[in-house]
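Q: So I've got this file, data.txt, and it contains compact mmCIF, C-alpha atoms:
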# COMPACT_ATOMS: atom_id res chain seq x y z
CA MET T 1102 80.78 -71.75 -17.61
CA ALA T 1103 79.20 -74.38 -19.87
CA ASP T 1104 78.17 -77.66 -18.30
CA PHE T 1105 79.58 -80.24 -20.72
CA THR T 1106 77.90 -83.10 -18.83
CA LYS T 1107 74.54 -81.99 -20.27
CA ALA T 1108 73.11 -84.32 -22.89
CA GLY T 1109 74.16 -83.37 -26.40
CA MET T 1110 77.10 -81.17 -25.37
CA GLN T 1111 79.75 -83.88 -25.14
CA GLN T 1112 80.76 -83.25 -28.77
CA ALA T 1113 81.32 -79.52 -28.22
CA ASP T 1114 84.83 -78.12 -28.53
CA ARG T 1115 85.36 -77.29 -24.85
CA ALA T 1116 88.41 -75.11 -25.43
CA GLN T 1117 86.68 -73.04 -28.10
CA VAL T 1118 83.50 -72.62 -26.05
CA SER T 1119 85.42 -71.58 -22.93
CA GLN T 1120 87.59 -69.17 -24.93
CA THR T 1121 84.55 -67.54 -26.57
CA ILE T 1122 82.80 -67.06 -23.23
CA GLN T 1123 85.98 -65.73 -21.66
CA GLU T 1124 86.59 -63.25 -24.48
CA ALA T 1125 83.03 -61.98 -24.08
CA SER T 1126 83.51 -61.24 -20.38
CA ALA T 1127 87.26 -60.89 -19.75
CA GLY T 1128 88.20 -57.69 -17.95
CA SER T 1129 84.61 -56.91 -16.96
CA LYS T 1130 83.44 -56.38 -13.40
CA TYR T 1131 81.68 -59.72 -13.67
CA TRP T 1132 84.94 -61.43 -14.59
CA GLN T 1133 86.74 -59.72 -11.73
CA HIS T 1134 83.97 -60.76 -9.35
CA GLN T 1135 84.21 -64.36 -10.57
CA GLN T 1136 87.96 -64.26 -9.99
CA GLN T 1137 87.35 -63.07 -6.43
CA LYS T 1138 84.86 -65.87 -5.87
CA SER T 1139 87.37 -68.39 -7.22
CA GLU T 1140 90.01 -67.09 -4.83
CA LYS T 1141 87.64 -67.43 -1.87
CA LEU T 1142 86.73 -70.93 -2.99
CA GLN T 1143 90.41 -71.83 -3.20
CA GLN T 1144 90.92 -70.57 0.34
CA GLN T 1145 88.09 -72.81 1.50
CA ILE T 1146 89.68 -75.77 -0.29
CA ASP T 1147 93.10 -75.01 1.23
CA GLN T 1148 91.58 -74.85 4.71
CA MET T 1149 89.87 -78.20 4.19
CA ILE T 1150 93.12 -79.79 3.01
CA LEU T 1151 94.92 -78.37 6.05
CA LYS T 1152 92.22 -79.64 8.39
CA GLN T 1153 92.60 -83.18 7.02
CA SER T 1154 96.25 -83.20 8.07
CA THR T 1155 95.23 -82.62 11.71
CA PHE T 1156 93.04 -85.73 12.05
CA SER T 1157 94.47 -88.45 14.25
CA LEU T 1158 94.31 -92.14 13.38
CA GLU T 1159 91.77 -92.59 16.15
CA GLN T 1160 89.54 -89.86 14.69
CA LEU T 1161 89.72 -91.40 11.24
CA GLN T 1162 88.86 -94.86 12.56
CA GLN T 1163 85.92 -93.51 14.54
CA ALA T 1164 84.70 -91.56 11.53
CA ARG T 1165 84.82 -94.68 9.34
CA LYS T 1166 82.84 -96.57 11.97
CA LEU T 1167 80.16 -93.87 12.04
CA ALA T 1168 80.09 -93.73 8.24
CA ASP T 1169 79.62 -97.50 8.02
CA GLN T 1170 76.80 -97.29 10.56
CA ALA T 1171 75.12 -94.72 8.31
CA VAL T 1172 75.53 -97.06 5.34
CA ASP T 1173 73.89 -99.89 7.31
CA PHE T 1174 71.09 -97.58 8.46
CA TRP T 1175 70.12 -96.63 4.92
CA GLU T 1176 70.62 -100.10 3.47
CA GLN T 1177 67.97 -101.40 5.87
CA ARG T 1178 65.58 -98.86 4.40
CA ARG T 1179 66.22 -99.66 0.76
CA ASN T 1180 63.02 -100.32 -1.19
CA THR T 1181 63.19 -101.87 -4.64
CA ASP T 1182 59.53 -102.87 -4.91
CA ARG T 1183 58.31 -99.78 -6.74
CA SER T 1184 58.67 -98.81 -10.41
CA PHE T 1185 59.22 -95.26 -11.64
CA LEU T 1186 59.62 -93.65 -15.04
CA HIS T 1187 61.18 -90.24 -15.55
CA VAL T 1188 60.07 -88.85 -18.90
CA ASP T 1189 62.05 -85.96 -20.38
CA MET T 1190 61.07 -84.47 -23.72
CA ASP T 1191 64.03 -83.95 -26.04
CA ALA T 1192 64.92 -80.23 -26.44
CA PHE T 1193 61.21 -79.58 -26.06
CA TYR T 1194 60.70 -75.96 -27.20
CA ALA T 1195 63.18 -76.30 -30.06
CA SER T 1196 61.70 -79.65 -31.13
CA VAL T 1197 58.19 -78.16 -31.30
CA GLU T 1198 59.46 -75.33 -33.52
CA ILE T 1199 61.39 -77.72 -35.78
CA ARG T 1200 58.32 -79.96 -36.06
CA ASP T 1201 56.27 -76.98 -37.22
CA CYS T 1202 58.99 -75.75 -39.59
CA PRO T 1203 60.44 -78.87 -41.29
CA GLU T 1204 63.09 -76.88 -43.20
CA LEU T 1205 64.87 -76.43 -39.84
CA GLN T 1206 65.34 -80.18 -39.49
CA GLY T 1207 69.00 -81.04 -38.94
CA LYS T 1208 70.02 -77.40 -38.40
CA PRO T 1209 71.16 -75.71 -35.18
CA VAL T 1210 68.10 -74.07 -33.59
CA ALA T 1211 67.50 -72.26 -30.31
CA VAL T 1212 64.41 -70.78 -28.72
CA GLY T 1213 64.81 -67.46 -26.92
CA THR T 1214 66.26 -64.06 -27.69
CA HIS T 1215 69.63 -62.43 -28.28
CA ALA T 1216 69.66 -61.67 -24.55
CA MET T 1217 68.87 -65.19 -23.32
CA LEU T 1218 68.12 -68.64 -24.75
CA ALA T 1219 65.43 -70.89 -23.29
CA THR T 1220 66.62 -74.10 -24.97
CA ALA T 1221 68.74 -75.39 -27.84
CA SER T 1222 68.40 -78.28 -30.27
CA TYR T 1223 70.89 -81.13 -30.17
CA GLU T 1224 72.46 -79.85 -33.37
CA ALA T 1225 73.08 -76.52 -31.58
CA ARG T 1226 74.43 -78.21 -28.45
CA LYS T 1227 77.27 -79.68 -30.49
CA TYR T 1228 78.63 -76.12 -30.66
CA GLY T 1229 78.39 -75.70 -26.87
CA ILE T 1230 75.11 -73.78 -27.01
CA ARG T 1231 72.82 -74.32 -24.04
CA SER T 1232 69.81 -72.87 -22.26
CA ALA T 1233 70.36 -69.62 -20.31
CA MET T 1234 73.26 -68.68 -22.61
CA PRO T 1235 73.05 -65.16 -24.10
CA GLY T 1236 72.00 -65.36 -27.72
CA PHE T 1237 74.84 -63.09 -28.85
CA ILE T 1238 77.41 -65.54 -27.46
CA ALA T 1239 75.57 -68.49 -29.04
CA LEU T 1240 75.81 -66.74 -32.43
CA LYS T 1241 79.56 -66.36 -31.95
CA LEU T 1242 79.81 -70.10 -31.32
CA CYS T 1243 77.59 -70.90 -34.30
CA PRO T 1244 76.84 -68.06 -36.79
CA GLU T 1245 74.38 -70.37 -38.60
CA LEU T 1246 72.21 -70.67 -35.49
CA THR T 1247 68.51 -69.89 -35.95
CA ILE T 1248 67.00 -68.19 -32.89
CA ILE T 1249 63.19 -68.37 -32.63
CA ALA T 1250 61.09 -66.28 -30.27
CA PRO T 1251 59.26 -68.40 -27.65
CA ASN T 1252 55.61 -69.34 -28.17
CA SER T 1253 54.41 -70.19 -24.68
CA ALA T 1254 50.81 -70.94 -25.61
CA LYS T 1255 51.87 -73.53 -28.19
CA TYR T 1256 54.25 -75.29 -25.80
CA ARG T 1257 51.61 -75.49 -23.10
CA GLN T 1258 49.07 -77.00 -25.46
CA VAL T 1259 51.55 -79.69 -26.50
CA SER T 1260 52.49 -80.26 -22.86
CA GLY T 1261 48.81 -80.68 -22.00
CA ASP T 1262 48.46 -83.40 -24.66
CA ILE T 1263 51.50 -85.18 -23.20
CA ARG T 1264 50.16 -84.83 -19.65
CA LYS T 1265 46.96 -86.66 -20.69
CA ILE T 1266 49.12 -89.60 -21.79
CA PHE T 1267 50.99 -89.65 -18.47
CA GLU T 1268 47.74 -89.68 -16.51
CA GLN T 1269 46.70 -92.91 -18.23
CA TYR T 1270 49.55 -94.57 -16.32
CA ASP T 1271 49.72 -92.49 -13.15
CA ALA T 1272 46.86 -90.17 -12.22
CA ASN T 1273 49.18 -88.52 -9.68
CA CYS T 1274 52.17 -88.05 -11.96
CA VAL T 1275 54.58 -85.38 -10.76
CA ALA T 1276 55.31 -82.72 -13.39
CA TYR T 1277 58.49 -80.71 -12.85
CA SER T 1278 58.02 -78.50 -15.92
CA LEU T 1279 56.18 -78.55 -19.23
CA ASP T 1280 58.60 -81.13 -20.62
CA GLU T 1281 59.57 -83.31 -17.65
CA ALA T 1282 57.59 -85.58 -15.33
CA SER T 1283 57.93 -88.51 -12.96
CA LEU T 1284 55.46 -91.40 -13.07
CA GLU T 1285 55.03 -94.24 -10.63
CA ILE T 1286 53.77 -97.22 -12.63
CA THR T 1287 53.76 -99.78 -9.80
CA GLY T 1288 49.96 -99.90 -9.72
CA TYR T 1289 49.64 -99.82 -13.50
CA LEU T 1290 51.88 -102.87 -13.87
CA LYS T 1291 49.80 -104.81 -11.33
CA LEU T 1292 46.75 -104.16 -13.47
CA HIS T 1293 48.64 -105.12 -16.65
CA PRO T 1294 50.76 -108.19 -15.78
CA ASP T 1295 51.62 -108.67 -19.46
CA LEU T 1296 53.71 -105.48 -19.34
CA ASN T 1297 56.96 -104.59 -17.58
CA PRO T 1298 58.67 -101.24 -16.94
CA TRP T 1299 60.68 -101.41 -20.17
CA THR T 1300 57.74 -102.16 -22.46
CA THR T 1301 55.62 -99.58 -20.65
CA ALA T 1302 58.26 -96.92 -21.30
CA GLU T 1303 58.34 -97.90 -24.97
CA GLN T 1304 54.57 -97.69 -25.10
CA ILE T 1305 54.53 -94.20 -23.57
CA ARG T 1306 57.23 -92.92 -25.93
CA LYS T 1307 55.25 -94.27 -28.91
CA GLN T 1308 52.05 -92.62 -27.70
CA ILE T 1309 53.85 -89.31 -27.27
CA PHE T 1310 55.31 -89.51 -30.77
CA ASP T 1311 52.01 -90.59 -32.38
CA THR T 1312 50.21 -87.71 -30.65
CA THR T 1313 52.76 -84.91 -30.98
CA ARG T 1314 55.41 -86.11 -33.49
CA LEU T 1315 57.97 -85.38 -30.76
CA THR T 1316 60.46 -87.70 -29.12
CA ALA T 1317 61.06 -88.32 -25.43
CA SER T 1318 63.74 -90.02 -23.37
CA VAL T 1319 62.85 -92.17 -20.37
CA GLY T 1320 64.70 -93.36 -17.30
CA ILE T 1321 63.44 -96.49 -15.52
CA ALA T 1322 64.30 -97.34 -11.90
CA CYS T 1323 62.95 -98.23 -8.48
CA SER T 1324 63.19 -94.60 -7.27
CA ARG T 1325 62.42 -91.20 -8.71
CA LYS T 1326 65.99 -89.99 -8.26
CA LEU T 1327 67.55 -92.93 -10.10
CA ALA T 1328 64.97 -92.71 -12.87
CA LYS T 1329 65.80 -89.04 -13.41
CA ILE T 1330 69.52 -89.78 -13.72
CA ALA T 1331 68.79 -92.70 -16.06
CA SER T 1332 66.64 -90.52 -18.35
CA ASP T 1333 69.80 -88.68 -19.43
CA TYR T 1334 71.64 -91.82 -20.51
CA ASN T 1335 70.23 -92.50 -23.97
CA LYS T 1336 69.21 -89.03 -25.07
CA PRO T 1337 67.74 -88.18 -27.44
CA ASN T 1338 64.84 -90.55 -28.17
CA GLY T 1339 65.98 -93.44 -26.00
CA GLN T 1340 65.45 -95.14 -22.67
CA PHE T 1341 67.65 -96.66 -19.99
CA GLN T 1342 66.80 -98.95 -17.08
CA VAL T 1343 68.59 -99.33 -13.77
CA PRO T 1344 67.87 -102.92 -12.64
CA ALA T 1345 66.10 -103.06 -9.27
CA GLN T 1346 68.78 -105.10 -7.52
CA GLN T 1347 71.06 -103.70 -4.84
CA ASP T 1348 74.33 -104.64 -6.54
CA GLU T 1349 73.18 -103.28 -9.93
CA ILE T 1350 72.01 -100.01 -8.38
CA ILE T 1351 75.31 -99.55 -6.56
CA ARG T 1352 77.30 -100.41 -9.69
CA PHE T 1353 75.30 -97.81 -11.63
CA VAL T 1354 75.63 -94.92 -9.18
CA ARG T 1355 79.26 -95.53 -8.21
CA ALA T 1356 80.36 -95.04 -11.82
CA LEU T 1357 78.66 -91.63 -12.09
CA PRO T 1358 80.61 -88.36 -12.10
CA ILE T 1359 79.51 -86.36 -9.09
CA ARG T 1360 78.21 -83.55 -11.33
CA LYS T 1361 75.56 -85.95 -12.59
CA ILE T 1362 74.02 -86.00 -9.11
CA SER T 1363 71.17 -83.56 -8.52
CA GLY T 1364 72.11 -81.48 -5.50
CA ILE T 1365 75.83 -81.31 -6.27
CA GLY T 1366 76.51 -78.03 -8.01
CA ARG T 1367 79.69 -76.55 -9.42
CA VAL T 1368 80.99 -75.18 -6.11
CA THR T 1369 80.41 -78.38 -4.13
CA ALA T 1370 81.89 -80.46 -6.95
CA THR T 1371 85.00 -78.26 -7.00
CA ILE T 1372 85.45 -78.61 -3.24
CA LEU T 1373 85.00 -82.38 -3.33
CA GLN T 1374 87.39 -82.78 -6.24
CA ASP T 1375 90.15 -80.37 -5.24
CA ALA T 1376 90.10 -80.95 -1.48
CA LEU T 1377 89.31 -84.67 -1.37
CA GLY T 1378 90.06 -85.98 -4.85
CA ILE T 1379 86.42 -87.01 -5.29
CA LYS T 1380 85.41 -87.10 -8.96
CA THR T 1381 82.99 -90.03 -8.98
CA VAL T 1382 80.42 -91.45 -6.59
CA GLN T 1383 82.82 -94.37 -6.00
CA ASP T 1384 85.41 -91.84 -4.79
CA MET T 1385 82.75 -90.38 -2.52
CA TYR T 1386 82.12 -93.79 -0.96
CA ASP T 1387 85.83 -94.45 -0.52
CA GLN T 1388 86.25 -91.12 1.28
CA ARG T 1389 83.09 -91.43 3.40
CA HIS T 1390 85.09 -91.17 6.64
CA LEU T 1391 86.49 -87.78 5.61
CA LEU T 1392 83.05 -86.60 4.54
CA GLN T 1393 81.81 -87.53 8.02
CA LEU T 1394 84.52 -85.39 9.62
CA LEU T 1395 84.42 -82.38 7.28
CA PHE T 1396 80.75 -81.78 6.47
CA LYS T 1397 77.54 -81.06 8.35
CA GLU T 1398 75.36 -84.02 9.26
CA SER T 1399 72.71 -83.19 6.65
CA SER T 1400 75.32 -82.99 3.88
CA PHE T 1401 77.03 -86.19 5.02
CA ASP T 1402 73.67 -87.97 5.09
CA PHE T 1403 73.00 -86.82 1.52
CA PHE T 1404 76.43 -88.06 0.38
CA ILE T 1405 75.89 -91.51 1.93
CA ARG T 1406 72.47 -91.93 0.36
CA THR T 1407 73.96 -90.88 -2.97
CA THR T 1408 76.66 -93.57 -2.79
CA LEU T 1409 73.94 -96.18 -2.22
CA GLY T 1410 71.50 -94.89 -4.81
CA ILE T 1411 68.80 -94.43 -2.18
CA SER T 1412 66.30 -91.58 -2.24
CA GLU T 1413 65.13 -90.05 0.99
CA SER T 1414 61.51 -90.24 -0.13
CA ASP T 1415 59.59 -91.40 -3.18
CA ASP T 1416 56.19 -90.33 -1.92
CA VAL T 1417 53.73 -89.72 -4.73
CA THR T 1418 52.88 -86.27 -3.42
CA PRO T 1419 55.92 -84.02 -3.84
CA ARG T 1420 56.93 -81.66 -1.08
CA GLU T 1421 54.75 -78.59 -1.08
CA ARG T 1422 56.74 -75.74 -2.54
CA LYS T 1423 56.57 -72.32 -0.98
CA SER T 1424 58.02 -70.46 -3.94
CA ILE T 1425 59.40 -70.83 -7.47
CA SER T 1426 62.24 -68.73 -8.82
CA LYS T 1427 64.35 -68.34 -11.92
CA GLU T 1428 67.27 -65.99 -12.41
CA HIS T 1429 69.79 -65.15 -15.11
CA THR T 1430 73.22 -63.52 -15.03
CA PHE T 1431 74.37 -61.56 -18.08
CA ARG T 1432 76.89 -58.94 -19.16
CA PRO T 1433 76.06 -55.61 -17.47
CA THR T 1434 73.59 -53.51 -19.44
CA ASN T 1435 71.31 -50.54 -18.92
CA ASP T 1436 69.38 -51.16 -22.15
CA PRO T 1437 65.68 -51.16 -21.09
CA ALA T 1438 64.62 -53.33 -24.04
CA GLU T 1439 67.22 -56.00 -23.26
CA LEU T 1440 66.38 -55.99 -19.54
CA LEU T 1441 62.65 -56.29 -20.23
CA GLU T 1442 63.37 -59.10 -22.69
CA ILE T 1443 65.27 -61.11 -20.06
CA CYS T 1444 62.54 -60.45 -17.51
CA SER T 1445 59.95 -61.71 -19.99
CA ILE T 1446 61.75 -65.01 -20.62
CA LEU T 1447 62.12 -65.62 -16.87
CA ALA T 1448 58.43 -64.85 -16.37
CA GLN T 1449 57.61 -67.37 -19.09
CA GLN T 1450 59.70 -70.06 -17.39
CA ILE T 1451 57.91 -69.36 -14.10
CA ALA T 1452 54.52 -69.54 -15.79
CA ASP T 1453 55.44 -72.85 -17.41
CA ILE T 1454 56.39 -74.35 -14.04
CA LEU T 1455 53.18 -73.09 -12.44
CA CYS T 1456 51.27 -74.68 -15.31
CA ALA T 1457 53.07 -77.99 -14.76
CA TYR T 1458 52.39 -77.86 -11.01
CA ARG T 1459 48.80 -76.78 -11.61
CA CYS T 1460 49.01 -73.94 -9.14
CA SER T 1461 48.90 -70.16 -9.08
CA ALA T 1462 50.80 -67.48 -7.19
CA GLN T 1463 49.71 -64.44 -5.24
CA THR T 1464 53.08 -62.68 -4.90
CA ILE T 1465 55.42 -61.85 -7.78
CA GLY T 1466 58.89 -60.59 -6.96
CA LEU T 1467 62.10 -59.42 -8.60
CA LYS T 1468 65.73 -59.86 -7.62
CA LEU T 1469 68.04 -57.32 -9.21
CA LYS T 1470 71.84 -57.33 -9.06
CA LEU T 1471 73.36 -54.03 -10.11
CA ASP T 1472 76.63 -53.57 -11.94
CA SER T 1473 78.10 -52.70 -8.52
CA PHE T 1474 76.85 -56.12 -7.24
CA GLU T 1475 74.33 -54.42 -4.96
CA ILE T 1476 71.21 -56.57 -4.56
CA ARG T 1477 67.69 -55.14 -4.67
CA THR T 1478 64.44 -57.07 -4.22
CA ARG T 1479 60.96 -55.90 -5.10
CA ALA T 1480 57.62 -57.69 -4.78
CA ARG T 1481 53.92 -57.16 -5.35
CA THR T 1482 51.00 -59.14 -3.97
CA VAL T 1483 47.64 -59.39 -5.73
CA TYR T 1484 44.35 -60.38 -4.14
CA THR T 1485 43.57 -62.87 -6.90
CA ALA T 1486 46.32 -65.38 -7.62
CA VAL T 1487 47.76 -65.51 -11.15
CA TYR T 1488 49.39 -68.21 -13.25
CA GLU T 1489 49.28 -66.98 -16.85
CA PHE T 1490 52.50 -65.71 -18.44
CA GLU T 1491 50.90 -62.46 -19.54
CA ASP T 1492 49.96 -61.53 -15.97
CA ILE T 1493 53.20 -62.61 -14.30
CA ASN T 1494 55.20 -60.83 -16.98
CA ARG T 1495 53.12 -57.67 -16.72
CA ILE T 1496 53.60 -57.40 -12.96
CA ALA T 1497 57.31 -58.27 -13.14
CA GLN T 1498 57.92 -55.71 -15.87
CA GLN T 1499 55.98 -53.05 -13.94
CA LEU T 1500 58.30 -53.63 -10.99
CA LEU T 1501 61.34 -53.50 -13.25
CA ARG T 1502 60.29 -50.33 -15.09
CA LYS T 1503 60.02 -48.49 -11.79
CA GLU T 1504 63.75 -49.04 -11.29
CA PHE T 1505 64.77 -47.50 -14.62
CA PRO T 1506 67.29 -46.13 -15.35
CA ILE T 1507 69.37 -48.94 -13.92
CA ARG T 1508 72.41 -50.97 -14.98
CA LEU T 1509 72.02 -54.67 -14.13
CA ARG T 1510 74.00 -57.90 -14.39
CA LEU T 1511 71.30 -60.24 -13.00
CA ILE T 1512 67.52 -60.46 -12.97
CA GLY T 1513 65.52 -62.98 -11.00
CA VAL T 1514 61.76 -63.55 -11.02
CA ARG T 1515 60.17 -65.25 -8.03
CA VAL T 1516 56.59 -66.19 -7.20
CA SER T 1517 55.32 -67.17 -3.77
CA LYS T 1518 52.11 -67.65 -1.78
CA LEU T 1519 51.36 -70.56 -4.07
CA GLN T 1520 47.87 -72.02 -4.28
CA LYS T 1521 47.22 -75.55 -5.47
CA GLN T 1522 43.95 -74.84 -7.18
CA ARG T 1523 44.11 -72.83 -10.34
CA LEU T 1524 41.59 -70.01 -10.49
CA LYS T 1525 39.46 -68.89 -13.39
CA GLN T 1526 41.51 -66.35 -15.27
CA THR T 1527 40.35 -62.76 -15.51
CA LYS T 1528 42.06 -59.74 -16.93
CA LEU T 1529 44.81 -58.41 -14.71
CA ASP T 1530 43.32 -54.93 -15.00
CA ASP T 1531 40.40 -56.21 -12.93
CA TYR T 1532 42.64 -57.40 -10.09
CA MET T 1533 42.99 -55.48 -6.86
CA ILE T 1534 46.69 -55.08 -6.19
CA LEU T 1535 48.08 -54.79 -2.70
CA PRO T 1536 50.71 -52.11 -1.97
CA GLN T 1537 54.16 -52.87 -3.35
CA GLN T 1538 56.57 -54.45 -0.89
CA ASP T 1539 60.25 -53.56 -0.98
CA GLU T 1540 61.89 -56.57 0.60
Here is a file; write its structure as structure tokens.
A:
Amino acid sequence: MADFTKAGMQQADRAQVSQTIQEASAGSKYWQHQQQKSEKLQQQIDQMILKQSTFSLEQLQQARKLADQAVDFWEQRRNTDRSFLHVDMDAFYASVEIRDCPELQGKPVAVGTHAMLATASYEARKYGIRSAMPGFIALKLCPELTIIAPNSAKYRQVSGDIRKIFEQYDANCVAYSLDEASLEITGYLKLHPDLNPWTTAEQIRKQIFDTTRLTASVGIACSRKLAKIASDYNKPNGQFQVPAQQDEIIRFVRALPIRKISGIGRVTATILQDALGIKTVQDMYDQRHLLQLLFKESSFDFFIRTTLGISESDDVTPRERKSISKEHTFRPTNDPAELLEICSILAQQIADILCAYRCSAQTIGLKLKLDSFEIRTRARTVYTAVYEFEDINRIAQQLLRKEFPIRLRLIGVRVSKLQKQRLKQTKLDDYMILPQQDE
């Protein structure tokens, strides 16, 4: 289903978008499977509602006491002394293509294929079109949509130019993808006392535009997590600051819908809303005693920190990732060209993330979900780590071709055995490949 909380999609006709998607999949095995999942989810919600009715007054009072102790624990660890910017390029791939083809300005544009879109312009999002949507459905929502094939090399070059700007402010900036990064500017501001976080964000956005003719949106806050949420507030081509005071932070986060919180997906949001009536972070805080009783300690801890707007860690060095994966669900097909096309787009997304992280991968794997919902995994390890799209795509497609003929509804591409240092690229034909692993 479309996520209408995504920037640019608020103007979409929700009923029309939902009806179009439903008509494209109604009666299929996928639709039946989704119905079964919904029924199981409803059973889980019903069980949680029933369990609430069994709690005694004493249990509820004790749970509130424990929840308040958790609030106090995290409040004592609140740090508002640091300054972070979260920079998010506006519809990056589509914006690059529109920049290079001015006649597309103001028109709905998407980058991707008829099988899968990588991104959509803000004009396209008004029709409910989003990334990961099949192109054929997007064209039903907007027949005037222009779909452009991805140009990975061009996007990486532009991203590299933007990265050089970021490094002027934070040599250790954390890139999450080609178009999104987190910068800590605490040290930069100490060296430039005439600037503040707001003017620094304006300065960075101007430099990006002067260099690339592209716009960016920026979130400003005292933690990475808050800055990321804030970056979505004035999209496109805007910035938003969460004041670094406890009461302002709490006021900001408590007003947020829970789906705006990274880490709360559709299933968790449905459980919270239908079983506990939690739609906003304020609701989450009000029901903290029930969260303490009904969820695991790690989940409860996450909920409490969310209600306070406190991140667990804002260390400059991000947690070392062991793997990177992307997957896409689509209408069942056995068309080799369409399956290879989807695999290629996923491989490109993986390559872009590796580029942003400045690392390479030694193992490339596939996750395949058949029309029968059977799951298969395949993987191949090479002696020399790879990071270029061409190499990742070639290995992934080799693994996929070996499964033909096959009818699939999902493809996932995963890379692991990551190495921080990028290696000098050679032709894949020169690589020694270890025996294929069937996981």
Q: Would you mind telling me which residue in T:Gly1378, T:Pro1209, T:Gly1364, T:Pro1203 lies nearest to Pro1244 (chain T) when using only C-alpha atoms?
A: T:Pro1209
Q: Identify the residues within 9 Å of coordinate (51.8, -100.2, -9.7) (same frame as the file), considering only C-alpha atoms, and give the answer as a short mmCIF file (atom, residue, chain, number, x, y, z; two decimals) with C-alpha atoms, keeping the file's coordinate frame.
A:
data_model
loop_
_atom_site.label_atom_id
_atom_site.label_comp_id
_atom_site.auth_asym_id
_atom_site.auth_seq_id
_atom_site.Cartn_x
_atom_site.Cartn_y
_atom_site.Cartn_z
CA ARG T 1183 58.31 -99.78 -6.74
CA SER T 1184 58.67 -98.81 -10.41
CA TYR T 1270 49.55 -94.57 -16.32
CA ASP T 1271 49.72 -92.49 -13.15
CA GLU T 1285 55.03 -94.24 -10.63
CA ILE T 1286 53.77 -97.22 -12.63
CA THR T 1287 53.76 -99.78 -9.80
CA GLY T 1288 49.96 -99.90 -9.72
CA TYR T 1289 49.64 -99.82 -13.50
CA LEU T 1290 51.88 -102.87 -13.87
CA LYS T 1291 49.80 -104.81 -11.33
CA LEU T 1292 46.75 -104.16 -13.47
#
Q: What are the nearest atom pairs, with distances in Å to one decimal, for all residues of region 1429-1455 of chain T that come at most 10 Å from region 1214-1225 of chain T, using only C-alpha atoms, set out by chain and rising residue number as CSV?
A:
residue,atom,partner,partner_atom,distance
T:His1429,CA,T:Met1217,CA,8.3
T:Thr1430,CA,T:Met1217,CA,9.5
T:Phe1431,CA,T:Ala1216,CA,8.0
T:Arg1432,CA,T:Ala1216,CA,9.4
T:Ala1438,CA,T:Ala1216,CA,9.8
T:Glu1439,CA,T:Ala1216,CA,6.3
T:Leu1440,CA,T:Ala1216,CA,8.3
T:Leu1441,CA,T:Ala1216,CA,9.8
T:Glu1442,CA,T:Ala1216,CA,7.0
T:Ile1443,CA,T:Ala1216,CA,6.3
T:Cys1444,CA,T:Met1217,CA,9.8
T:Ile1446,CA,T:Ala1219,CA,7.4
T:Leu1447,CA,T:Ala1219,CA,8.9
T:Gln1449,CA,T:Ala1219,CA,9.5
T:Gln1450,CA,T:Ala1219,CA,8.3
Q: Find the distance between CA of Ile1146 (chain T) and CA of Ala1376 (chain T) and write it in Å to one decimal.
A: 5.3 Å
Q: To one decimal place in Å, what is the distance between CA of Ile1249 (chain T) and CA of Ser1278 (chain T)?
A: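 CA of Ser1278 (chain T) lies 20.2 Å from CA of Ile1249 (chain T).
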Q: Pull the closest atom pair for each residue of region 1140-1193 of chain T that gets at most 10 Å from region 1317-1339 of chain T, along with the distance in Å to one decimal, counting all atoms listed in the file, ordering rows by chain and then ascending residue number, as JSON lines.
A:
{"residue": "T:Arg1179", "atom": "CA", "partner": "T:Cys1323", "partner_atom": "CA", "distance": 9.9}
{"residue": "T:Asn1180", "atom": "CA", "partner": "T:Cys1323", "partner_atom": "CA", "distance": 7.6}
{"residue": "T:Thr1181", "atom": "CA", "partner": "T:Cys1323", "partner_atom": "CA", "distance": 5.3}
{"residue": "T:Asp1182", "atom": "CA", "partner": "T:Cys1323", "partner_atom": "CA", "distance": 6.8}
{"residue": "T:Arg1183", "atom": "CA", "partner": "T:Cys1323", "partner_atom": "CA", "distance": 5.2}
{"residue": "T:Ser1184", "atom": "CA", "partner": "T:Cys1323", "partner_atom": "CA", "distance": 4.7}
{"residue": "T:Phe1185", "atom": "CA", "partner": "T:Ala1322", "partner_atom": "CA", "distance": 5.5}
{"residue": "T:Leu1186", "atom": "CA", "partner": "T:Ile1321", "partner_atom": "CA", "distance": 4.8}
{"residue": "T:His1187", "atom": "CA", "partner": "T:Gly1320", "partner_atom": "CA", "distance": 5.0}
{"residue": "T:Val1188", "atom": "CA", "partner": "T:Val1319", "partner_atom": "CA", "distance": 4.6}
{"residue": "T:Asp1189", "atom": "CA", "partner": "T:Ser1318", "partner_atom": "CA", "distance": 5.3}
{"residue": "T:Met1190", "atom": "CA", "partner": "T:Ala1317", "partner_atom": "CA", "distance": 4.2}
{"residue": "T:Asp1191", "atom": "CA", "partner": "T:Ala1317", "partner_atom": "CA", "distance": 5.3}
{"residue": "T:Ala1192", "atom": "CA", "partner": "T:Pro1337", "partner_atom": "CA", "distance": 8.5}
{"residue": "T:Phe1193", "atom": "CA", "partner": "T:Ala1317", "partner_atom": "CA", "distance": 8.8}
Q: When you draw a straight line from CA of Gly1513 (chain T) to CA of Tyr1228 (chain T), how long is it in Å?
A: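 Pair CA of Gly1513 (chain T) / CA of Tyr1228 (chain T) returns 27.0 Å.
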